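Undergrad: Structure: work.txt, compact mmCIF, C-alpha atoms.
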```txt
# COMPACT_ATOMS: atom_id res chain seq x y z
CA MET N 1 20.16 41.47 2.72
CA GLY N 2 16.58 40.60 3.63
CA HIS N 3 15.42 39.67 0.13
CA MET N 4 12.43 37.36 -0.05
CA LEU N 5 13.02 34.12 -1.93
CA ARG N 6 10.20 32.20 -3.58
CA ILE N 7 10.26 28.50 -2.75
CA VAL N 8 8.09 25.76 -4.22
CA ALA N 9 7.65 22.45 -2.40
CA VAL N 10 6.14 18.99 -2.64
CA PRO N 11 5.49 16.91 0.51
CA TYR N 12 7.82 13.98 1.02
CA PHE N 13 8.66 13.18 4.62
CA PRO N 14 11.22 13.13 6.22
CA TYR N 15 12.68 15.60 3.73
CA MET N 16 9.77 18.02 3.40
CA ASP N 17 6.44 18.26 5.21
CA TYR N 18 3.91 21.03 5.70
CA ASP N 19 0.34 22.04 6.44
CA THR N 20 -1.69 23.98 3.88
CA THR N 21 -3.31 27.29 4.80
CA ILE N 22 -6.03 27.10 2.14
CA LYS N 23 -7.82 24.23 0.48
CA GLU N 24 -6.94 25.30 -3.05
CA PRO N 25 -3.65 23.87 -4.37
CA GLY N 26 -0.73 26.19 -4.94
CA GLY N 27 -1.19 28.31 -1.82
CA ILE N 28 1.25 29.32 0.89
CA ILE N 29 2.11 26.49 3.26
CA ILE N 30 3.14 26.21 6.90
CA PRO N 31 6.30 24.04 7.09
CA ARG N 32 6.46 21.26 9.66
CA ASP N 33 9.60 19.84 11.21
CA SER N 34 11.56 18.15 8.42
CA ILE N 35 15.06 18.18 6.92
CA ASP N 36 14.39 20.90 4.35
CA THR N 37 12.55 23.04 6.91
CA ARG N 38 15.56 22.98 9.22
CA LEU N 39 17.90 23.74 6.34
CA ILE N 40 15.85 26.69 5.08
CA ASN N 41 15.57 28.23 8.55
CA THR N 42 19.30 27.74 9.13
CA PHE N 43 20.22 29.35 5.81
CA ALA N 44 17.80 32.23 6.37
CA ASN N 45 19.42 33.07 9.70
CA ALA N 46 22.94 32.67 8.36
CA ILE N 47 22.72 34.82 5.21
CA ASN N 48 19.73 37.06 6.07
CA PHE N 49 16.83 36.38 3.73
CA THR N 50 13.10 35.89 4.11
CA PHE N 51 11.12 33.32 2.21
CA GLU N 52 7.70 32.31 1.05
CA ILE N 53 6.97 28.63 0.46
CA ARG N 54 4.14 27.63 -1.84
CA GLU N 55 2.84 24.19 -2.64
CA GLU N 56 3.23 22.91 -6.17
CA PRO N 57 -0.40 22.78 -7.43
CA GLU N 58 -0.17 19.22 -8.77
CA ARG N 59 2.29 18.03 -6.12
CA ALA N 60 4.59 16.95 -8.93
CA TRP N 61 8.35 17.16 -9.20
CA GLY N 62 8.21 17.49 -12.95
CA LEU N 63 8.39 15.46 -16.13
CA LEU N 64 9.66 16.57 -19.53
CA LYS N 65 6.90 17.34 -22.02
CA LYS N 66 7.15 16.93 -25.78
CA GLY N 67 7.76 20.60 -26.41
CA GLY N 68 10.83 20.72 -24.16
CA GLY N 69 9.12 22.25 -21.14
CA PHE N 70 8.71 20.68 -17.74
CA THR N 71 5.72 20.16 -15.52
CA GLY N 72 5.68 20.49 -11.73
CA MET N 73 8.43 22.17 -9.74
CA MET N 74 10.97 21.86 -12.54
CA GLY N 75 8.60 23.77 -14.80
CA GLN N 76 8.28 26.62 -12.29
CA LEU N 77 12.06 26.86 -12.01
CA GLN N 78 12.41 26.70 -15.78
CA ARG N 79 9.94 29.58 -16.16
CA GLU N 80 11.58 31.41 -13.21
CA GLU N 81 8.34 31.48 -11.27
CA ALA N 82 10.29 30.27 -8.20
CA ASP N 83 13.85 30.77 -6.98
CA PHE N 84 14.42 27.23 -5.78
CA CYS N 85 12.54 24.08 -4.82
CA THR N 86 12.83 21.65 -1.95
CA ILE N 87 13.63 17.93 -2.16
CA ALA N 88 14.11 16.77 -5.76
CA GLY N 89 16.27 14.35 -7.67
CA PRO N 90 18.55 15.11 -10.62
CA SER N 91 18.19 13.79 -14.13
CA PRO N 92 20.01 14.64 -17.37
CA GLU N 93 16.99 16.54 -18.70
CA ARG N 94 16.48 18.50 -15.48
CA LEU N 95 20.13 19.55 -15.25
CA MET N 96 19.77 21.33 -18.60
CA VAL N 97 17.14 23.75 -17.25
CA VAL N 98 17.99 24.09 -13.53
CA GLN N 99 21.01 24.28 -11.25
CA TYR N 100 21.15 21.41 -8.81
CA LEU N 101 22.41 21.45 -5.24
CA ARG N 102 23.16 18.03 -3.78
CA GLY N 103 21.86 17.92 -0.22
CA TYR N 104 21.87 14.32 1.04
CA PRO N 105 22.11 10.75 -0.21
CA SER N 106 19.15 9.47 -2.16
CA ASP N 107 16.62 7.28 -0.42
CA LEU N 108 16.75 3.71 -1.69
CA MET N 109 13.63 2.07 -3.06
CA THR N 110 12.73 -1.09 -1.16
CA LEU N 111 10.17 -3.88 -1.27
CA THR N 112 7.77 -4.22 1.65
CA SER N 113 6.16 -7.64 2.04
CA LEU N 114 5.01 -9.92 4.82
CA LYS N 115 7.67 -11.43 7.03
CA PRO N 116 8.86 -14.91 6.07
CA THR N 117 6.48 -17.61 7.29
CA LEU N 118 7.18 -21.11 8.55
CA LEU N 119 7.45 -23.76 5.89
CA PRO N 120 4.67 -26.41 5.75
CA GLN N 121 5.32 -28.96 8.49
CA HIS N 122 3.79 -31.89 6.61
CA LEU N 123 6.66 -31.59 4.09
CA SER N 124 9.39 -31.86 6.74
CA LEU N 125 10.27 -35.42 5.65
CA ILE N 126 11.23 -34.40 2.12
CA ARG N 127 12.73 -30.99 2.96
CA PRO N 128 16.20 -32.30 4.00
CA PHE N 129 16.97 -32.98 0.33
CA SER N 130 16.33 -30.67 -2.59
CA GLY N 131 14.08 -31.70 -5.44
CA GLU N 132 17.01 -32.37 -7.74
CA LEU N 133 18.65 -34.61 -5.15
CA TRP N 134 15.48 -36.64 -4.63
CA VAL N 135 15.21 -37.21 -8.39
CA ALA N 136 18.87 -38.20 -8.60
CA LEU N 137 18.43 -40.59 -5.68
CA LEU N 138 15.40 -42.30 -7.23
CA VAL N 139 17.19 -42.62 -10.56
CA SER N 140 20.20 -44.12 -8.77
CA VAL N 141 18.01 -46.73 -7.06
CA GLY N 142 16.47 -47.77 -10.37
CA ALA N 143 19.74 -47.70 -12.27
CA TRP N 144 21.57 -49.77 -9.66
CA GLY N 145 18.77 -52.35 -9.49
CA VAL N 146 18.78 -52.75 -13.27
CA SER N 147 22.59 -52.97 -13.29
CA LEU N 148 22.56 -55.72 -10.67
CA TRP N 149 19.88 -57.62 -12.56
CA LEU N 150 21.81 -57.43 -15.85
CA LEU N 151 25.02 -58.48 -14.11
CA GLN N 152 23.36 -61.52 -12.52
CA ARG N 153 21.69 -62.50 -15.79
CA ALA N 154 25.07 -62.36 -17.51
CA TRP N 155 26.60 -64.53 -14.79
CA GLN N 156 23.70 -67.00 -15.01
CA TRP N 157 24.15 -67.25 -18.78
CA VAL N 158 27.84 -68.10 -18.34
CA ALA N 159 27.87 -70.20 -15.15
CA GLY N 160 24.23 -71.14 -14.61
CA GLY N 161 22.60 -71.06 -11.21
CA ARG N 162 19.50 -69.53 -9.77
CA ARG N 163 17.75 -66.70 -11.57
CA VAL N 164 17.33 -63.20 -10.12
CA GLU N 165 14.16 -61.32 -11.02
CA LEU N 166 14.21 -57.61 -11.87
CA THR N 167 11.74 -56.80 -9.10
CA THR N 168 13.96 -58.59 -6.59
CA ALA N 169 16.97 -56.51 -7.62
CA LEU N 170 15.00 -53.26 -7.41
CA LEU N 171 13.61 -54.11 -3.97
CA TYR N 172 17.13 -55.05 -2.83
CA SER N 173 18.48 -51.65 -3.85
CA LEU N 174 15.58 -49.86 -2.13
CA GLY N 175 15.88 -51.98 1.03
CA ALA N 176 19.57 -51.19 1.37
CA LEU N 177 18.80 -47.47 1.11
CA LEU N 178 16.13 -47.81 3.82
CA GLN N 179 18.63 -49.62 6.11
CA ASN N 180 16.63 -52.85 5.87
CA LEU N 181 19.02 -55.03 3.91
CA PRO N 182 17.48 -58.21 2.41
CA SER N 183 19.34 -61.50 2.06
CA ASP N 184 22.32 -61.55 -0.28
CA ILE N 185 21.18 -62.16 -3.84
CA SER N 186 24.60 -61.93 -5.43
CA ALA N 187 26.18 -65.21 -6.49
CA SER N 188 29.29 -63.74 -8.15
CA ASN N 189 32.26 -61.70 -7.00
CA SER N 190 31.39 -58.92 -9.44
CA GLY N 191 27.89 -58.76 -7.96
CA ARG N 192 29.26 -58.62 -4.41
CA LEU N 193 31.58 -55.79 -5.42
CA LEU N 194 28.64 -53.88 -6.87
CA VAL N 195 26.64 -54.48 -3.69
CA GLY N 196 29.53 -53.30 -1.53
CA TRP N 197 29.83 -49.95 -3.26
CA TRP N 198 26.07 -49.54 -3.16
CA LEU N 199 26.12 -50.08 0.61
CA VAL N 200 28.76 -47.35 0.98
CA PHE N 201 26.62 -45.00 -1.11
CA CYS N 202 23.56 -45.82 1.02
CA LEU N 203 25.54 -45.18 4.22
CA VAL N 204 26.52 -41.69 3.06
CA MET N 205 23.03 -40.78 1.86
CA THR N 206 21.21 -42.03 4.96
CA THR N 207 23.66 -40.24 7.25
CA CYS N 208 23.16 -36.98 5.36
CA TYR N 209 19.39 -37.37 5.41
CA SER N 210 19.21 -38.21 9.12
CA SER N 211 21.37 -35.29 10.22
CA SER N 212 19.54 -32.84 7.96
CA LEU N 213 16.16 -34.12 9.15
CA ILE N 214 17.16 -33.56 12.79
CA ALA N 215 18.22 -30.02 11.96
CA HIS N 216 14.93 -29.27 10.19
CA MET N 217 12.92 -30.75 13.05
CA THR N 218 14.85 -28.76 15.66
CA VAL N 219 14.64 -25.37 13.94
CA GLN N 220 11.84 -25.20 11.43
CA GLY N 221 12.67 -23.42 8.20
CA LYS N 222 11.04 -20.30 6.83
CA THR N 223 10.16 -19.07 3.40
CA ARG N 224 12.72 -16.89 1.64
CA PRO N 225 12.15 -13.14 2.04
CA ILE N 226 11.64 -10.95 -1.01
CA GLU N 227 14.82 -8.89 -1.25
CA THR N 228 15.19 -7.92 -4.92
CA LEU N 229 13.09 -7.22 -7.98
CA GLU N 230 14.15 -10.61 -9.32
CA ASP N 231 12.75 -12.32 -6.21
CA LEU N 232 9.53 -10.39 -6.69
CA ALA N 233 9.19 -11.26 -10.37
CA ASN N 234 9.78 -14.96 -9.68
CA GLN N 235 6.85 -15.21 -7.27
CA LYS N 236 3.79 -16.98 -8.62
CA SER N 237 0.35 -15.32 -8.38
CA TRP N 238 1.96 -12.28 -6.77
CA LYS N 239 1.01 -8.63 -7.15
CA TRP N 240 2.87 -5.41 -6.40
CA ALA N 241 2.10 -1.70 -6.30
CA THR N 242 3.63 1.74 -5.93
CA GLU N 243 2.20 5.09 -4.89
CA PRO N 244 0.66 7.63 -7.31
CA TRP N 245 3.02 10.44 -6.37
CA LEU N 246 6.02 8.37 -7.45
CA LEU N 247 4.71 8.54 -11.01
CA LYS N 248 5.32 12.29 -11.14
CA GLY N 249 9.09 12.33 -11.08
CA VAL N 250 12.36 10.45 -11.57
CA PRO N 251 11.06 7.04 -10.33
CA PHE N 252 8.57 6.98 -13.20
CA GLU N 253 11.32 7.80 -15.72
CA TYR N 254 13.53 5.10 -14.21
CA PHE N 255 10.97 2.33 -14.64
CA SER N 256 9.41 3.51 -17.89
CA LYS N 257 12.71 4.05 -19.74
CA HIS N 258 14.75 1.14 -18.35
CA ASP N 259 16.03 -1.43 -20.86
CA ASP N 260 16.24 -4.34 -18.41
CA PRO N 261 13.46 -6.90 -19.12
CA LEU N 262 13.07 -7.46 -15.39
CA VAL N 263 12.40 -3.77 -14.69
CA LYS N 264 10.05 -3.63 -17.67
CA LYS N 265 8.08 -6.55 -16.24
CA ILE N 266 7.79 -4.85 -12.86
CA PHE N 267 6.65 -1.60 -14.49
CA LYS N 268 4.15 -3.33 -16.80
CA ASN N 269 2.39 -5.27 -14.05
CA TRP N 270 2.44 -2.91 -11.08
CA GLU N 271 -0.66 -1.40 -9.54
CA VAL N 272 -1.05 2.16 -8.27
CA GLU N 273 -2.18 2.37 -4.64
CA GLU N 274 -1.77 4.71 -1.71
CA ALA N 275 0.68 3.41 0.89
CA ASP N 276 -1.95 2.75 3.58
CA ARG N 277 -4.17 0.76 1.26
CA ALA N 278 -1.20 -1.10 -0.21
CA LEU N 279 0.05 -2.12 3.24
CA GLN N 280 -3.38 -3.48 4.06
CA LYS N 281 -3.16 -5.61 0.91
CA VAL N 282 0.31 -6.73 1.97
CA LEU N 283 -1.22 -7.98 5.24
CA GLY N 284 -3.57 -10.10 3.14
CA GLY N 285 -0.60 -11.92 1.62
CA ARG N 286 1.01 -12.30 -1.81
CA TYR N 287 1.40 -8.55 -2.24
CA THR N 288 4.38 -6.15 -2.17
CA LEU N 289 4.69 -2.37 -1.91
CA ILE N 290 7.52 -0.69 -3.87
CA ASP N 291 8.40 2.57 -2.11
CA PHE N 292 11.25 4.64 -0.69
CA GLU N 293 12.88 3.14 2.40
CA ASN N 294 12.71 6.05 4.86
CA TYR N 295 9.16 6.93 3.87
CA VAL N 296 7.71 3.45 4.32
CA SER N 297 9.84 2.71 7.40
CA ILE N 298 8.28 5.64 9.24
CA MET N 299 4.79 4.45 8.33
CA VAL N 300 5.49 0.88 9.44
CA ALA N 301 7.17 1.96 12.68
CA SER N 302 4.33 4.37 13.50
CA ARG N 303 1.28 2.25 12.71
CA TYR N 304 2.24 -1.38 12.40
CA THR N 305 4.83 -1.96 15.12
CA ASP N 306 4.11 -2.72 18.79
CA HIS N 307 6.06 -1.54 21.82
CA HIS N 308 8.28 -4.66 21.60
CA GLY N 309 9.33 -3.79 18.06
CA ASN N 310 7.36 -6.63 16.44
CA THR N 311 5.90 -5.96 13.01
CA PRO N 312 4.31 -8.20 10.38
CA PHE N 313 6.20 -6.50 7.55
CA PHE N 314 9.59 -7.20 6.07
CA ILE N 315 11.38 -4.30 4.37
CA SER N 316 14.04 -5.58 2.01
CA LYS N 317 17.64 -4.90 2.97
CA LYS N 318 18.84 -4.84 -0.65
CA GLY N 319 17.34 -1.60 -1.88
CA PHE N 320 18.06 -0.11 -5.28
CA SER N 321 18.71 3.50 -6.21
CA VAL N 322 16.74 5.28 -8.92
CA MET N 323 18.63 8.58 -8.68
CA ALA N 324 22.08 9.77 -7.74
CA ALA N 325 21.18 12.00 -4.79
CA PHE N 326 18.53 14.22 -3.22
CA GLY N 327 18.82 17.98 -3.07
CA TRP N 328 17.39 21.30 -4.23
CA GLY N 329 16.81 22.72 -7.67
CA PHE N 330 17.57 26.42 -8.43
CA ARG N 331 16.56 28.58 -11.32
CA LYS N 332 19.35 29.15 -13.80
CA GLY N 333 21.63 32.06 -12.89
CA ALA N 334 20.49 32.34 -9.25
CA PRO N 335 23.16 34.60 -7.63
CA PHE N 336 22.76 33.02 -4.18
CA TYR N 337 23.50 29.48 -5.39
CA PRO N 338 27.26 29.55 -4.46
CA ARG N 339 26.44 30.72 -0.92
CA PHE N 340 23.91 27.95 -0.45
CA LEU N 341 26.42 25.42 -1.75
CA GLN N 342 29.02 26.61 0.75
CA LEU N 343 26.69 26.43 3.74
CA LEU N 344 25.31 23.03 2.78
CA SER N 345 28.83 21.64 2.38
CA ARG N 346 29.73 22.81 5.88
CA LEU N 347 26.64 21.19 7.40
CA GLU N 348 27.30 17.95 5.58
CA ASP N 349 30.98 17.84 6.57
CA ALA N 350 30.04 18.44 10.20
CA GLY N 351 27.59 15.52 10.15
CA ILE N 352 24.63 17.78 10.94
CA ILE N 353 22.47 16.61 8.01
CA SER N 354 22.84 12.90 8.78
CA PHE N 355 22.04 13.64 12.43
CA TRP N 356 18.97 15.64 11.45
CA ILE N 357 17.66 12.83 9.26
CA LYS N 358 17.75 10.34 12.14
CA ASP N 359 16.37 12.89 14.61
CA VAL N 360 13.45 13.95 12.40
CA ILE N 361 12.46 10.33 11.74
CA ALA N 362 12.61 9.40 15.43
CA ARG N 363 10.56 12.45 16.45
CA ARG N 364 7.87 11.79 13.88
CA VAL N 365 7.56 8.13 14.86
CA ARG N 366 7.10 9.12 18.51
CA GLU N 367 4.52 11.73 17.57
CA ASN N 368 2.56 9.32 15.39
CA ARG N 369 2.57 6.57 17.99
CA ALA N 370 1.51 8.96 20.73
CA ARG N 371 -1.29 10.36 18.58
CA GLU N 372 -2.61 6.99 17.52
CA ALA N 373 -1.88 5.33 20.87
CA LEU N 374 -0.45 2.34 19.09
CA GLY N 375 0.58 -0.27 21.63
CA SER N 376 -1.45 -3.34 20.82
CA PRO N 377 0.23 -6.25 19.00
CA ALA N 378 -2.93 -6.92 17.00
CA VAL N 379 -1.26 -6.39 13.63
CA VAL N 380 2.16 -7.83 14.37
CA GLY N 381 3.50 -11.18 13.31
CA ASP N 382 3.75 -14.35 15.30
CA PRO N 383 6.49 -13.95 17.96
CA SER N 384 7.08 -17.70 17.79
CA LEU N 385 8.72 -17.20 14.41
CA ASP N 386 11.64 -15.49 16.14
CA ASP N 387 11.83 -17.57 19.35
CA GLN N 388 12.82 -21.10 18.45
CA SER N 389 15.54 -21.77 21.00
CA HIS N 390 13.69 -24.78 22.50
CA ILE N 391 11.22 -26.88 20.53
CA ALA N 392 9.34 -29.95 21.71
CA LEU N 393 8.30 -32.01 18.73
CA GLY N 394 4.57 -32.48 18.49
CA MET N 395 2.08 -34.15 16.24
CA GLN N 396 2.20 -31.22 13.83
CA HIS N 397 5.95 -31.65 13.32
CA VAL N 398 5.85 -35.33 12.29
CA GLN N 399 2.50 -35.37 10.56
CA GLY N 400 4.31 -36.07 7.29
CA ALA N 401 5.43 -39.46 8.63
CA PHE N 402 1.85 -40.46 9.35
CA TYR N 403 0.75 -39.28 5.91
CA LEU N 404 3.49 -41.45 4.43
CA LEU N 405 2.37 -44.43 6.53
CA PHE N 406 -1.24 -44.09 5.41
CA LEU N 407 -0.06 -43.74 1.82
CA GLY N 408 1.88 -47.00 2.19
CA PHE N 409 -1.20 -48.73 3.58
CA GLY N 410 -3.22 -47.56 0.59
CA ILE N 411 -0.63 -48.65 -1.97
CA ALA N 412 -0.25 -52.06 -0.30
CA PHE N 413 -4.01 -52.58 -0.30
CA LEU N 414 -4.30 -51.65 -3.97
CA THR N 415 -1.39 -53.98 -4.79
CA LEU N 416 -3.06 -56.84 -2.93
CA LEU N 417 -6.30 -56.18 -4.74
CA GLY N 418 -4.50 -56.18 -8.09
CA GLU N 419 -2.71 -59.44 -7.30
CA ASN N 420 -5.98 -61.15 -6.38
CA ILE N 421 -7.70 -59.95 -9.53
CA ALA N 422 -4.75 -61.05 -11.68
CA HIS N 423 -4.67 -64.46 -10.00
CA ARG N 424 -8.39 -65.03 -10.53
CA CYS N 425 -8.17 -64.02 -14.19
CA SER N 426 -5.16 -66.26 -14.88
CA SER N 427 -6.47 -69.39 -13.04
CA PRO N 428 -8.33 -71.88 -15.37
CA GLN N 429 -12.00 -72.32 -14.50
CA GLN N 430 -13.44 -75.89 -14.64
CA HIS N 431 -16.73 -76.66 -16.38
CA PRO N 432 -19.50 -77.96 -14.01
CA SER N 433 -19.58 -81.40 -15.79
CA GLN N 434 -15.81 -81.73 -15.35
CA HIS N 435 -16.13 -80.82 -11.72
CA HIS N 436 -18.87 -83.52 -11.28
CA GLN N 437 -16.72 -86.10 -13.05
CA THR N 438 -13.82 -85.32 -10.81
CA ARG N 439 -15.98 -85.83 -7.76
CA SER N 440 -17.25 -89.16 -9.13
CA GLN N 441 -13.71 -90.43 -9.67
CA GLU N 442 -12.88 -89.53 -6.12
```
Could you quickly redo this structure as structure tokens?
TA:
Amino acid sequence: MGHMLRIVAVPYFPYMDYDTTIKEPGGIIIPRDSIDTRLINTFANAINFTFEIREEPERAWGLLKKGGGFTGMMGQLQREEADFCTIAGPSPERLMVVQYLRGYPSDLMTLTSLKPTLLPQHLSLIRPFSGELWVALLVSVGAWGVSLWLLQRAWQWVAGGRRVELTTALLYSLGALLQNLPSDISASNSGRLLVGWWLVFCLVMTTCYSSSLIAHMTVQGKTRPIETLEDLANQKSWKWATEPWLLKGVPFEYFSKHDDPLVKKIFKNWEVEEADRALQKVLGGRYTLIDFENYVSIMVASRYTDHHGNTPFFISKKGFSVMAAFGWGFRKGAPFYPRFLQLLSRLEDAGIISFWIKDVIARRVRENRAREALGSPAVVGDPSLDDQSHIALGMQHVQGAFYLLFLGFGIAFLTLLGENIAHRCSSPQQHPSQHHQTRSQE
């Protein structure tokens, strides 16, 4: 019937966006194209009302104070200074002072980090096996060599014969694993049986290593992307941040009141940075931005993505929800609440809201890219990370083999030096008079 409704808003694109008419906070705003703007205009035309939208002075959704009152938009609704508010999330405390209208699914919180990078190429020789498997393999070599030595000593004690040194048995086990089998050192049937099973084991392990090495050389591996909070917390010397405005609503309550030790660790160690500055730190490496998916996706697509779709950032696919849904809050007892609920249900059932969300995001990305004329791939990642269909092995791929060769040269030289020193120290030195006497006898 033409009544004017008082609306309070906080900017959060793509759900609500506006331009301010005055510099002072709390003034009347000019809505820009967004989900809530389209909904308000549609409702106003359908049920005949006018409206006045004002900005929340502190741009805060609202947190519960000690006295039971709320700050931000929830406080204005609680004090009936506004009829309803735009985009907001529900919480048990808020539902006790306002009526809530579910509008659309909540935006998931995601982790934005650098894209996975190629693994170090000088470690390609050891990458086919995991660390645990390498340790097990080395232990097996030592254990088998000792077992063969003990078995041969036992046979020598019973039947006699030549003696087998421990070093010989260990080198035999290692040589078989390296496919360079020494001469047979087993003089008994039990020893030959042990050698036979060891050769089978070596055949399996060398085949697995060779095939895995070829696969790693053909398609070089990448680091694991950061998908979850657990992945983030397990990173060493890593930092993360979130935006200041997220500390004025439900996300702050989620992290500050959560009982999970993992969430507590994330909350205790996070930094507070604006999204633009945080993304610049992400480009520097070992940094992650925790933010809502749609919000950060628009920023990345607008400013950090070239015309081929390449971007240096990776937005995690496994987001987590900090609230049940997004919608509007109404003052208690608002008589128009049932009518709003009916209209919103019709729009949602018809698929209009989901269509609007995609359309608003696409429009804003095009506008931002046109305004900033973003077309240069200066900030995007290396395209070679995604195009690995054909790879010609180069020096950088097999550099680990040369490092291993030089390491072997060094160890062999040090061993030779040690043998010479030991030989000189153990050899008896003749006195000069004895040496003269020996010459005289000759």
Undergrad: Quick one: contact table of region 13-126 of chain N to region 331-346 of chain N, 9 Å max, nearest atom pair and distance in Å to one decimal per residue, counting only C-alpha atoms, chain and number order, as CSV?
TA:
```
residue,atom,partner,partner_atom,distance
N:Leu39,CA,N:Leu344,CA,8.3
N:Phe43,CA,N:Leu343,CA,7.4
N:Ala46,CA,N:Leu343,CA,8.6
N:Ile47,CA,N:Arg339,CA,8.3
N:Met74,CA,N:Arg331,CA,8.8
N:Gln76,CA,N:Arg331,CA,8.6
N:Leu77,CA,N:Arg331,CA,4.9
N:Gln78,CA,N:Arg331,CA,6.4
N:Arg79,CA,N:Arg331,CA,8.3
N:Glu80,CA,N:Arg331,CA,6.0
N:Glu81,CA,N:Arg331,CA,8.7
N:Ala82,CA,N:Arg331,CA,7.2
N:Asp83,CA,N:Arg331,CA,5.6
N:Phe84,CA,N:Arg331,CA,6.1
N:Cys85,CA,N:Arg331,CA,8.9
N:Val97,CA,N:Lys332,CA,6.8
N:Val98,CA,N:Arg331,CA,5.2
N:Gln99,CA,N:Lys332,CA,5.7
N:Tyr100,CA,N:Arg331,CA,8.9
N:Leu101,CA,N:Leu341,CA,6.6
N:Arg102,CA,N:Leu341,CA,8.3
N:Gly103,CA,N:Leu344,CA,6.9
```
Undergrad: Which is closest to Trp144 (chain N) among N:Ser173, N:Gln399, N:Asn41, N:Thr288, if we use all atoms listed in the file?
TA: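 Comparing N:Ser173, N:Gln399, N:Asn41, N:Thr288 against Trp144 (chain N), the winner is N:Ser173.
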Undergrad: Expressed in Å to a single decimal, how great is the separation between CA of Met217 (chain N) and CA of Ile315 (chain N)?
TA: 27.9 Å
Undergrad: Determine, counting all atoms listed in the file, which protein, DNA and RNA residues have an atom within 7 Å of an atom of region 236-252 of chain N; residues of the same chain fewer than 4 positions away are not included. Present the result as JSON, numbers by chain.
TA: {"N": [60, 61, 62, 63, 89, 256, 270, 271, 272, 273, 274, 275, 278, 286, 287, 288, 289, 290, 291, 322]}
Undergrad: Using all atoms listed in the file for the distances, tell me which of N:Val8, N:Ala301, N:Leu194, N:Leu279 is nearest to Pro25 (chain N).
TA: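 Using all atoms listed in the file, Pro25 (chain N) sits closest to N:Val8.
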Undergrad: Identify which of the residues N:Phe314, N:Trp157, N:Phe201, N:Phe320 lies closest to Tyr254 (chain N), counting all atoms listed in the file when measuring atom-to-atom distances.
TA: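 Under the stated criterion, the closest residue is N:Phe320.
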Undergrad: I'd like the interatomic distance between CA of Lys115 (chain N) and CA of His216 (chain N), to a tenth of an Å.
TA: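 Atom-to-atom, CA of Lys115 (chain N) to CA of His216 (chain N), that is 19.5 Å.
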Undergrad: Have a look at CA of Phe129 (chain N) and CA of Leu213 (chain N) and let me know their distance in Å, one decimal.
TA: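 Computed distance, CA of Phe129 (chain N) to CA of Leu213 (chain N), equals 8.9 Å.
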Undergrad: Could you give me, as a list of chain:residue names, the residues within 12 Å of Asp19 (chain N), counting all atoms listed in the file and dropping anything in the same chain fewer than 4 positions from it?
TA: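 Counting all atoms listed in the file, the residues come to N:Ala9, N:Val10, N:Pro11, N:Lys23, N:Pro25, N:Gly27, N:Ile28, N:Ile29, N:Ile30, N:Pro31, N:Arg32, N:Asp33, N:Ile53, N:Arg54, N:Glu55.
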Undergrad: Would you please work out which residue, of N:Leu118, N:Met96, N:Ile35, N:Ala412, is nearest to Arg363 (chain N) when using only C-alpha atoms?
TA: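 Going through N:Leu118, N:Met96, N:Ile35, N:Ala412 one by one, the smallest distance to Arg363 (chain N) is for N:Ile35.
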Undergrad: With all atoms listed in the file as the atoms that count, which of N:Pro57, N:Gly418, N:Gly191, N:Pro14 lies nearest to Ser34 (chain N)?
TA: N:Pro14
Undergrad: Counting all atoms listed in the file, which of N:Leu171, N:Glu56, N:Trp198, N:Tyr295 gets nearest to Glu24 (chain N)?
TA: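 Closest to Glu24 (chain N) of all the choices is N:Glu56.
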Undergrad: Counting all atoms listed in the file, what is within 6 Å of Leu119 (chain N), bar same-chain residues fewer than 5 positions away, as a PyMOL selection string?
TA: chain N and resi 221-223
Undergrad: Start from the incomplete input, build N, CA, C and O atoms for region 174-179 of chain N, and deliver everything as a PDB file, keeping the file's coordinate frame.
TA:
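The result, written out as rebuild-v2.pdb:
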```pdb
ATOM      1  N   LEU N 174      16.385 -50.740  -2.976  1.00  0.00           N
ATOM      2  CA  LEU N 174      15.580 -49.860  -2.130  1.00  0.00           C
ATOM      3  C   LEU N 174      15.711 -50.238  -0.660  1.00  0.00           C
ATOM      4  O   LEU N 174      15.797 -49.370   0.211  1.00  0.00           O
ATOM      5  N   GLY N 175      15.741 -51.546  -0.356  1.00  0.00           N
ATOM      6  CA  GLY N 175      15.880 -51.980   1.030  1.00  0.00           C
ATOM      7  C   GLY N 175      17.202 -51.569   1.634  1.00  0.00           C
ATOM      8  O   GLY N 175      17.278 -51.175   2.800  1.00  0.00           O
ATOM      9  N   ALA N 176      18.277 -51.635   0.860  1.00  0.00           N
ATOM     10  CA  ALA N 176      19.570 -51.190   1.370  1.00  0.00           C
ATOM     11  C   ALA N 176      19.565 -49.697   1.685  1.00  0.00           C
ATOM     12  O   ALA N 176      20.147 -49.252   2.671  1.00  0.00           O
ATOM     13  N   LEU N 177      18.893 -48.913   0.865  1.00  0.00           N
ATOM     14  CA  LEU N 177      18.800 -47.470   1.110  1.00  0.00           C
ATOM     15  C   LEU N 177      17.976 -47.174   2.346  1.00  0.00           C
ATOM     16  O   LEU N 177      18.265 -46.206   3.069  1.00  0.00           O
ATOM     17  N   LEU N 178      16.978 -48.001   2.648  1.00  0.00           N
ATOM     18  CA  LEU N 178      16.130 -47.810   3.820  1.00  0.00           C
ATOM     19  C   LEU N 178      16.695 -48.500   5.063  1.00  0.00           C
ATOM     20  O   LEU N 178      15.991 -48.644   6.067  1.00  0.00           O
ATOM     21  N   GLN N 179      17.934 -48.967   4.990  1.00  0.00           N
ATOM     22  CA  GLN N 179      18.630 -49.620   6.110  1.00  0.00           C
ATOM     23  C   GLN N 179      17.905 -50.894   6.542  1.00  0.00           C
ATOM     24  O   GLN N 179      17.910 -51.255   7.724  1.00  0.00           O
TER      25      GLN N 179
END
```
